[in-house]
2 protein chains.
Amino acid sequence: MPINAAGRDVPETLAGKSLRTYQGAFGTVPNGHRAGGPRKTLRPGVVKLTPSLGEALKNAGLANGMTLSFHHAFRNGDLLVGQVVDTCAQMGIGELRLVPTALFPCHEQLLGHIQAGVVNRIEGSLNGPLGAYVSRGGGMASPPILRSHGGRWRAIASGEVHIDIACVAASCADPYGNATGIQGPNACGPIGFSAIDARCADHVVVVTDHLLPYPALPPEIEQGFVDQVVVVDRVGDPAGIVTGTLRIPRSPTQLRIAQLAVDAVKGAGLVKDGMSFQAGAGGVSLAATDFLAQEMARSAVRGAFAIGGTTRFLVEMLRDGLIGAILDGQAFDGEAVASLRENPQHYPITPGFYADYDALGCATYKLDFAFLGGTEVDLDFNVNVNTHSDGQLLHGIGGHQDVAAGAHVTVITIPTLRGRIPTIRDRVTTVTTPGEVVDLIVTEQGVAVNPRRQDLADDLRSAGLPVRSIEELKAGAERMVGKAKHPVFGDEIVAAIQWRDGTVIDVVRKTEGWS
Amino acid sequence: MPINAAGRDVPETLAGKSLRTYQGAFGTVPNGHRAGGPRKTLRPGVVKLTPSLGEALKNAGLANGMTLSFHHAFRNGDLLVGQVVDTCAQMGIGELRLVPTALFPCHEQLLGHIQAGVVNRIEGSLNGPLGAYVSRGGGMASPPILRSHGGRWRAIASGEVHIDIACVAASCADPYGNATGIQGPNACGPIGFSAIDARCADHVVVVTDHLLPYPALPPEIEQGFVDQVVVVDRVGDPAGIVTGTLRIPRSPTQLRIAQLAVDAVKGAGLVKDGMSFQAGAGGVSLAATDFLAQEMARSAVRGAFAIGGTTRFLVEMLRDGLIGAILDGQAFDGEAVASLRENPQHYPITPGFYADYDALGCATYKLDFAFLGGTEVDLDFNVNVNTHSDGQLLHGIGGHQDVAAGAHVTVITIPTLRGRIPTIRDRVTTVTTPGEVVDLIVTEQGVAVNPRRQDLADDLRSAGLPVRSIEELKAGAERMVGKAKHPVFGDEIVAAIQWRDGTVIDVVRKTEGWS
């Protein structure tokens, strides 16, 4: 097999389809034109409300082998994917391809549908049990393709992925199809994930549990792209948006990493007026956001904007004037959703605006720095967010690739050990994000600076920070717990990890235990 | 020549291109897919600011024969079209096609460029001197095509009109190309007209006189579609947005028509909770809006929404709770622009959302009634808004066709005489909007009901309103001033009037005086 620019063995074809292999973070020059959806028209007075999901799918021409798409704004509280696939099963439909943005443990019920042949392909992020199932091999007609938020947008916009029926969960919609996730009693935050599905799909069904009179404002999904509207009892439970707790961790290791991450960006001169950043919703990221806010308040620094994945920590920074705007692709708590409704400087964005490679720039390219996590890193600064060190595919990409590629300084925060498993490897189990776009790895034992960024190493040393080589950090962890074990993989490729430009940066193989 | 469904002689070809001829208001079934713009990418750090229009046009690959597009949110205060075409002339470029939404008297300077061959084609609305010039014949390489707001959107979205370089005047933009007309010291109101240009053009230049730090929110034009940003001294003068006065007229005839129009929609049972309407910015429309507001307040009616062309009269209705929302495609005064900034229920919409035929419905289809004007009407209820009774092409279509096609009850308000010229003709000089979609013609002498709408005639008679046949109204005017004179036309076709679906509903011929 050819070795790609990330040093990984990636085949030239997969399940009979040719793959473009990774050429470097900005190695692809797109050509041709963006896909346009079908031209349709409608007379005044036509009613789009359809009494049930089943009738809507029938009207949409549901057939074996079709591709259905979904968004994941409700995350682990989504109730739509299950209802739709159950309905397809009842209608005797099979061999469906699902193109969700992401699936979660709440979608475990799909396993039965996969085993029954109702669903035989998935392209999207697989968090938890579905990923574990895929890792065992043999489960799907073709291996799942995982894409970043920007990568999925690009794939649909370019025509690489054609959607037959887009199913859009909306916490609020009007009978003409204007839909949003920001309003309604079960508001889930932005649903702009589906905006590209709506533009390009052959047929679009908005599903809501809160119908408002026309016009429902602001419409994240616009009437002109929507064929049908279905009202169901419940499209999702916002309580499921938060997985785990959105609290500052108490672990001294995590707090140490968060503080060091903030010290590092400060040492690099990035904490200054007009600054911009993104931080995730994991414990270390929350703590880092909190420490950053304290640092900005102390130094009277006013940032230009932050990008969310948004939690109350960012909302407070906006309210306190520490940042001028939040560009919000995804809400992680109720405070974020309320702020989106109330503050025009808290602005919902689509993954296209956020992260599209096939565009004249995107929001992540304007980031000064970002705090991102990972399950593993390696000596080449590659980051794995998809698989665990046992080889199991358990997580999606989210915006990891998009942010790392865009931010001026990409900071990976990671403890050197998880339990007794070292996280710094010779080679990561799976490359999600290549070392080429990773600048700092911050651990509780010190900061490793990518050799490409000698400028940062100098800054951090001048600031008195504990700069270590990545090899030193790795050796330190191994002194405590010994060398890392390695999983045994079979030959079968069970998933492909796309880089955000549509090339394949790595593949995931069937797990067969430990060496 | 074939007679089309509006009873007009329309050729099968024009300037060597085949025309689709009008088949009825909903006679076209679109097929194929919408056009997508070119796929492009950009690395982080690339700067889009270009020091001058000339350099921007050069970077854009400006060449002879290209198509340049513009919006008209500044109306008669636009300063961009002139600057761009002057620059093209200085660069020695010729044979340009301009695709503005509309040109105004302020663009009279283009006449010199047309005579010099810098510009030889225009597709867009021609208000005033440019229309008069065209009417004299022989001035252009091919006859201008006039489209409604929805029609222009459709033409670009479908690929019928391909734009090489879109020039977007923005009262506010950031250096990455996010642009709006709602912010900035010279805010002009929504610039969503250009959103489809930006999506489909080969190259997009945002031109602003007010640069804000990234991110400028909310972006009506998004960064991902913008190649370059140019800062100039002035893109437009908002004082030019208002042509004439935005005041309630004092003319008893106009006030009588306005009151009768409101009485008519009330008589038809349309003034009720949840109602929706659109009214223009002409004197009669303003008076009708004002009378309607009084009627709604008196009857404690709360409407769902109104569509603007927005003036302070609509803004006051929103503020007073008489309507729940304004969907705003175009601002006609400073109060409207301020309200767009301040009130989330005053929502800027694109012409696509407003009026696109090639979409699964649009906002005009949700209108209960609309008050529209015209220069002439005829016995078949056809309406002319483009030419005067002397045959001169002096006005654009705006949303006239789109609103008439969509509204449940379309009310044309028109005095039976303008000066001593009768406005009700046997046949209108030009068909802009076919009688098929016109329901009531309200004059100071009474209301004519389209025979297709016997239901309305009954309602209006029951309400005690002066229902007259259109023939009676015509005869009444002719008793006062005699029969209407008719202009003499040459053979040359100087402009084509498209129906909103892309078919040609009528053509305008060279004027050669009076019979």
# chains A, B, ... in the order shown; residues from 1 in each chain; ligands from 1
call {"tool": "interface_residues", "arguments": {"of": "chain A", "to": "chain B", "cutoff": "6 Å", "atoms": "only C-alpha atoms", "output": "VMD selection string"}}
result
chain A and resid 30 to 42 44 224 to 225 358 to 361 365 406
call {"tool": "select_by_dssp", "arguments": {"residues": "stretch 110-316 of chain A", "states": "strand (DSSP E)", "output": "MDAnalysis selection string"}}
result
chainID A and resid 119:122 125:126 145:146 165:170 172:173 179:180 203:208 228:231 276:279 305:310
call {"tool": "closest_residue", "arguments": {"among": "B:Ile221, B:Lys510, B:Thr503, B:Gln254", "to": "B:Gly27", "atoms": "only C-alpha atoms"}}
result
B:Thr503
call {"tool": "closest_residue", "arguments": {"among": "B:Glu471, B:Leu340, B:Ile248, B:Ile165", "to": "B:Gly61", "atoms": "only C-alpha atoms"}}
result
B:Ile165
call {"tool": "residues_around", "arguments": {"residues": "stretch 491-500 of chain A", "least_positions_apart": "4", "cutoff": "9 Å", "atoms": "only C-alpha atoms", "output": "ChimeraX atom specification"}}
result
/A:10,14,21-22,25,134-140,142-152,154-155,355-357,386,393,397,401-402,430-433,504-510
call {"tool": "closest_residue", "arguments": {"among": "A:Leu260, A:Val205, A:Ile114, A:Val385", "to": "A:Val284", "atoms": "only C-alpha atoms"}}
result
A:Leu260
call {"tool": "residues_around", "arguments": {"residues": "A:Thr180", "least_positions_apart": "5", "cutoff": "12 Å", "atoms": "only C-alpha atoms", "output": "MDAnalysis selection string"}}
result
chainID A and resid 73 168:174 185:195 206:212 215:223 337 340:341 348
call {"tool": "decode", "arguments": {"residues": "stretch 28-118 of chain B", "atoms": "C-alpha atoms", "output": "PDB file, in the first residue's frame"}}
result
ATOM      1  CA  THR B  28     -42.952  26.506 -16.057  1.00  0.00           C
ATOM      2  CA  VAL B  29     -41.719  23.337 -14.404  1.00  0.00           C
ATOM      3  CA  PRO B  30     -38.026  23.809 -13.728  1.00  0.00           C
ATOM      4  CA  ASN B  31     -35.698  20.886 -14.239  1.00  0.00           C
ATOM      5  CA  GLY B  32     -32.055  20.095 -13.702  1.00  0.00           C
ATOM      6  CA  HIS B  33     -30.005  21.462 -10.850  1.00  0.00           C
ATOM      7  CA  ARG B  34     -29.134  24.865  -9.477  1.00  0.00           C
ATOM      8  CA  ALA B  35     -25.812  26.361 -10.497  1.00  0.00           C
ATOM      9  CA  GLY B  36     -22.942  26.139  -8.043  1.00  0.00           C
ATOM     10  CA  GLY B  37     -20.115  28.620  -7.975  1.00  0.00           C
ATOM     11  CA  PRO B  38     -16.526  27.573  -8.604  1.00  0.00           C
ATOM     12  CA  ARG B  39     -14.850  25.474  -5.926  1.00  0.00           C
ATOM     13  CA  LYS B  40     -11.934  27.432  -4.536  1.00  0.00           C
ATOM     14  CA  THR B  41      -9.747  27.240  -1.492  1.00  0.00           C
ATOM     15  CA  LEU B  42      -7.559  29.627   0.442  1.00  0.00           C
ATOM     16  CA  ARG B  43      -4.800  29.093   2.976  1.00  0.00           C
ATOM     17  CA  PRO B  44      -4.937  30.675   6.413  1.00  0.00           C
ATOM     18  CA  GLY B  45      -3.225  34.044   6.498  1.00  0.00           C
ATOM     19  CA  VAL B  46      -4.065  35.060   2.937  1.00  0.00           C
ATOM     20  CA  VAL B  47      -5.049  38.735   2.891  1.00  0.00           C
ATOM     21  CA  LYS B  48      -8.099  39.752   0.862  1.00  0.00           C
ATOM     22  CA  LEU B  49      -7.733  43.514   1.161  1.00  0.00           C
ATOM     23  CA  THR B  50      -6.784  45.065  -2.175  1.00  0.00           C
ATOM     24  CA  PRO B  51      -5.754  48.708  -2.300  1.00  0.00           C
ATOM     25  CA  SER B  52      -7.924  49.839  -5.214  1.00  0.00           C
ATOM     26  CA  LEU B  53     -10.841  48.909  -7.415  1.00  0.00           C
ATOM     27  CA  GLY B  54      -8.512  48.838 -10.391  1.00  0.00           C
ATOM     28  CA  GLU B  55      -6.186  46.302  -8.810  1.00  0.00           C
ATOM     29  CA  ALA B  56      -9.130  44.249  -7.625  1.00  0.00           C
ATOM     30  CA  LEU B  57     -10.609  44.129 -11.120  1.00  0.00           C
ATOM     31  CA  LYS B  58      -7.230  43.229 -12.564  1.00  0.00           C
ATOM     32  CA  ASN B  59      -6.802  40.449  -9.988  1.00  0.00           C
ATOM     33  CA  ALA B  60     -10.271  39.263 -10.903  1.00  0.00           C
ATOM     34  CA  GLY B  61      -9.139  38.816 -14.482  1.00  0.00           C
ATOM     35  CA  LEU B  62     -11.339  41.570 -15.922  1.00  0.00           C
ATOM     36  CA  ALA B  63     -11.546  41.239 -19.687  1.00  0.00           C
ATOM     37  CA  ASN B  64     -13.581  42.539 -22.598  1.00  0.00           C
ATOM     38  CA  GLY B  65     -17.089  41.176 -22.757  1.00  0.00           C
ATOM     39  CA  MET B  66     -17.337  40.146 -19.134  1.00  0.00           C
ATOM     40  CA  THR B  67     -20.435  40.325 -16.971  1.00  0.00           C
ATOM     41  CA  LEU B  68     -20.339  42.471 -13.832  1.00  0.00           C
ATOM     42  CA  SER B  69     -23.099  42.478 -11.240  1.00  0.00           C
ATOM     43  CA  PHE B  70     -24.323  44.955  -8.617  1.00  0.00           C
ATOM     44  CA  HIS B  71     -27.156  45.472  -6.152  1.00  0.00           C
ATOM     45  CA  HIS B  72     -29.304  48.573  -5.766  1.00  0.00           C
ATOM     46  CA  ALA B  73     -29.753  48.848  -2.005  1.00  0.00           C
ATOM     47  CA  PHE B  74     -28.500  52.454  -2.202  1.00  0.00           C
ATOM     48  CA  ARG B  75     -30.996  53.086  -5.005  1.00  0.00           C
ATOM     49  CA  ASN B  76     -30.477  56.607  -6.331  1.00  0.00           C
ATOM     50  CA  GLY B  77     -27.577  57.091  -3.904  1.00  0.00           C
ATOM     51  CA  ASP B  78     -25.408  54.308  -5.328  1.00  0.00           C
ATOM     52  CA  LEU B  79     -21.813  55.324  -5.943  1.00  0.00           C
ATOM     53  CA  LEU B  80     -20.303  51.947  -6.806  1.00  0.00           C
ATOM     54  CA  VAL B  81     -21.555  51.183 -10.312  1.00  0.00           C
ATOM     55  CA  GLY B  82     -20.116  54.475 -11.553  1.00  0.00           C
ATOM     56  CA  GLN B  83     -16.745  53.942  -9.870  1.00  0.00           C
ATOM     57  CA  VAL B  84     -16.418  50.421 -11.234  1.00  0.00           C
ATOM     58  CA  VAL B  85     -17.402  51.258 -14.804  1.00  0.00           C
ATOM     59  CA  ASP B  86     -15.219  54.382 -14.794  1.00  0.00           C
ATOM     60  CA  THR B  87     -12.340  52.163 -13.690  1.00  0.00           C
ATOM     61  CA  CYS B  88     -13.067  49.621 -16.412  1.00  0.00           C
ATOM     62  CA  ALA B  89     -13.074  52.453 -18.955  1.00  0.00           C
ATOM     63  CA  GLN B  90      -9.725  53.710 -17.684  1.00  0.00           C
ATOM     64  CA  MET B  91      -8.387  50.179 -18.050  1.00  0.00           C
ATOM     65  CA  GLY B  92      -9.476  50.158 -21.680  1.00  0.00           C
ATOM     66  CA  ILE B  93     -12.060  47.428 -21.188  1.00  0.00           C
ATOM     67  CA  GLY B  94     -15.149  47.260 -23.362  1.00  0.00           C
ATOM     68  CA  GLU B  95     -18.284  45.345 -24.302  1.00  0.00           C
ATOM     69  CA  LEU B  96     -19.207  44.745 -20.695  1.00  0.00           C
ATOM     70  CA  ARG B  97     -22.546  43.347 -19.686  1.00  0.00           C
ATOM     71  CA  LEU B  98     -23.919  44.832 -16.473  1.00  0.00           C
ATOM     72  CA  VAL B  99     -26.302  42.816 -14.335  1.00  0.00           C
ATOM     73  CA  PRO B 100     -27.454  45.220 -11.662  1.00  0.00           C
ATOM     74  CA  THR B 101     -30.621  44.609  -9.723  1.00  0.00           C
ATOM     75  CA  ALA B 102     -31.610  48.116 -10.821  1.00  0.00           C
ATOM     76  CA  LEU B 103     -30.144  51.341 -12.163  1.00  0.00           C
ATOM     77  CA  PHE B 104     -31.415  54.801 -11.226  1.00  0.00           C
ATOM     78  CA  PRO B 105     -31.114  58.392 -12.458  1.00  0.00           C
ATOM     79  CA  CYS B 106     -27.832  58.630 -10.507  1.00  0.00           C
ATOM     80  CA  HIS B 107     -26.382  56.216 -13.068  1.00  0.00           C
ATOM     81  CA  GLU B 108     -26.957  58.554 -16.008  1.00  0.00           C
ATOM     82  CA  GLN B 109     -23.166  58.761 -16.373  1.00  0.00           C
ATOM     83  CA  LEU B 110     -23.339  55.240 -17.839  1.00  0.00           C
ATOM     84  CA  LEU B 111     -24.778  56.743 -21.033  1.00  0.00           C
ATOM     85  CA  GLY B 112     -21.328  57.988 -21.941  1.00  0.00           C
ATOM     86  CA  HIS B 113     -19.846  54.557 -21.287  1.00  0.00           C
ATOM     87  CA  ILE B 114     -22.538  52.929 -23.412  1.00  0.00           C
ATOM     88  CA  GLN B 115     -21.865  55.322 -26.260  1.00  0.00           C
ATOM     89  CA  ALA B 116     -18.134  54.656 -25.920  1.00  0.00           C
ATOM     90  CA  GLY B 117     -18.670  50.876 -26.019  1.00  0.00           C
ATOM     91  CA  VAL B 118     -17.432  50.232 -22.493  1.00  0.00           C
TER      92      VAL B 118
END
